[in-house]
Amino acid sequence: MGVTCVSQMPVAEGKSVQQTVELLTRKLEMLGAEKQGTFCVDCETYHTAASTLGSQGQTGKLMYVMHNSEHPLSCFALFENGPCLIADTNFDVLMVKLKGFFQNAKASKIETRGTRYQWNMARVW
């Protein structure tokens with residue numbers, strides 16, 4: 001049993017994204033992490049539909065629907081400043097049916113792929 005973490009990493013000041021990834025990779029390997037294949041995470045952004053907003057000028061909420069190759073049968077919905085919902089992969093079908101409440105944001109899908117690392121903390125202690 002293990003733990004999977006998807007983290008947002010700031011780009012190091014004065015460095016490119018690629019240089020920051022290489023720096024992080026070196027740190028992981030120095031700590032004893034071993035390469036264990038690849039991963040893929042995708043995220044699609046939805047916003048509350050205009051018809052659900054009560055008054056003029058009221059801003060909508062965002063919801064991020066994520067898939068992670070480490071959990072292929074699950075879908076994660078993260079509400080802006082709110083809870084995280086874990087559902088099965090058919091959650092995407094439900095989002096289509098909820099288009100009166102949530103709509104896709106324009107150019108809203110991103111995907112990241114990379115090397116998967118495994119770190120055995122038992123060896124560290």
# chains A, B, ... in the order shown; residues from 1 in each chain; ligands from 1

call {"tool": "residues_around", "arguments": {"residues": "Leu98 (chain A)", "least_positions_apart": "4", "cutoff": "12 Å", "atoms": "only C-alpha atoms", "output": "list in words"}}
result
Tyr46, His47, Thr48, Ala49, Thr52, Phe91, Asp92, Val93, Leu94, Phe102, Gln103 and Asn104 of chain A

call {"tool": "select_by_dssp", "arguments": {"residues": "chain A", "states": "alpha helix (DSSP H)", "output": "number ranges by chain"}}
result
A: 17-30, 91-97, 121-124

call {"tool": "residues_around", "arguments": {"residues": "Gly32 (chain A)", "least_positions_apart": "2", "cutoff": "8 Å", "atoms": "only C-alpha atoms", "output": "PyMOL selection string"}}
result
chain A and resi 28-30+34+119-120+124

call {"tool": "atom_distance", "arguments": {"atom1": "CA of Gly60 (chain A)", "atom2": "CA of Glu111 (chain A)"}}
result
23.9 Å

call {"tool": "residues_around", "arguments": {"residues": "Glu44 (chain A)", "least_positions_apart": "3", "cutoff": "10 Å", "atoms": "only C-alpha atoms", "output": "mmCIF file with N, CA and C atoms, in the first residue's frame"}}
result
data_model
loop_
_atom_site.group_PDB
_atom_site.id
_atom_site.type_symbol
_atom_site.label_atom_id
_atom_site.label_comp_id
_atom_site.auth_asym_id
_atom_site.auth_seq_id
_atom_site.Cartn_x
_atom_site.Cartn_y
_atom_site.Cartn_z
ATOM 1 N N MET A 63 -14.855 24.118 -10.818
ATOM 2 C CA MET A 63 -14.686 22.735 -10.395
ATOM 3 C C MET A 63 -13.683 22.100 -11.349
ATOM 4 N N TYR A 64 -12.736 21.368 -10.789
ATOM 5 C CA TYR A 64 -11.699 20.715 -11.573
ATOM 6 C C TYR A 64 -11.924 19.209 -11.516
ATOM 7 N N VAL A 65 -12.068 18.582 -12.673
ATOM 8 C CA VAL A 65 -12.277 17.138 -12.749
ATOM 9 C C VAL A 65 -10.967 16.518 -13.227
ATOM 10 N N MET A 66 -10.398 15.660 -12.383
ATOM 11 C CA MET A 66 -9.081 15.093 -12.658
ATOM 12 C C MET A 66 -9.121 13.578 -12.772
ATOM 13 N N HIS A 67 -8.239 13.043 -13.629
ATOM 14 C CA HIS A 67 -8.001 11.607 -13.747
ATOM 15 C C HIS A 67 -6.514 11.388 -13.519
ATOM 16 N N ALA A 77 -13.065 15.162 -8.336
ATOM 17 C CA ALA A 77 -13.642 16.474 -8.592
ATOM 18 C C ALA A 77 -13.282 17.371 -7.421
ATOM 19 N N ASP A 92 -17.607 11.563 -15.604
ATOM 20 C CA ASP A 92 -17.592 12.423 -16.793
ATOM 21 C C ASP A 92 -18.941 12.397 -17.503
ATOM 22 N N ASN A 104 -18.217 23.436 -19.413
ATOM 23 C CA ASN A 104 -16.777 23.414 -19.653
ATOM 24 C C ASN A 104 -16.270 24.835 -19.846
ATOM 25 N N ALA A 105 -15.160 25.138 -19.220
ATOM 26 C CA ALA A 105 -14.502 26.412 -19.495
ATOM 27 C C ALA A 105 -13.792 26.277 -20.840
ATOM 28 N N LYS A 106 -13.658 27.342 -21.569
ATOM 29 C CA LYS A 106 -13.004 27.298 -22.878
ATOM 30 C C LYS A 106 -11.531 26.921 -22.709
ATOM 31 N N ALA A 107 -11.027 26.085 -23.611
ATOM 32 C CA ALA A 107 -9.625 25.622 -23.580
ATOM 33 C C ALA A 107 -9.253 25.177 -22.165
ATOM 34 N N SER A 108 -10.090 24.299 -21.611
ATOM 35 C CA SER A 108 -9.998 24.001 -20.185
ATOM 36 C C SER A 108 -9.280 22.703 -19.831
ATOM 37 N N LYS A 109 -8.841 21.928 -20.804
ATOM 38 C CA LYS A 109 -8.259 20.629 -20.482
ATOM 39 C C LYS A 109 -6.745 20.681 -20.588
ATOM 40 N N ILE A 110 -6.081 20.199 -19.536
ATOM 41 C CA ILE A 110 -4.626 20.095 -19.552
ATOM 42 C C ILE A 110 -4.247 18.667 -19.196
ATOM 43 N N GLU A 111 -3.069 18.277 -19.597
ATOM 44 C CA GLU A 111 -2.584 16.927 -19.320
ATOM 45 C C GLU A 111 -1.093 17.010 -19.037
#

call {"tool": "residues_around", "arguments": {"residues": "Lys35 (chain A)", "least_positions_apart": "2", "cutoff": "9 Å", "atoms": "only C-alpha atoms", "output": "count of residues only"}}
result
8
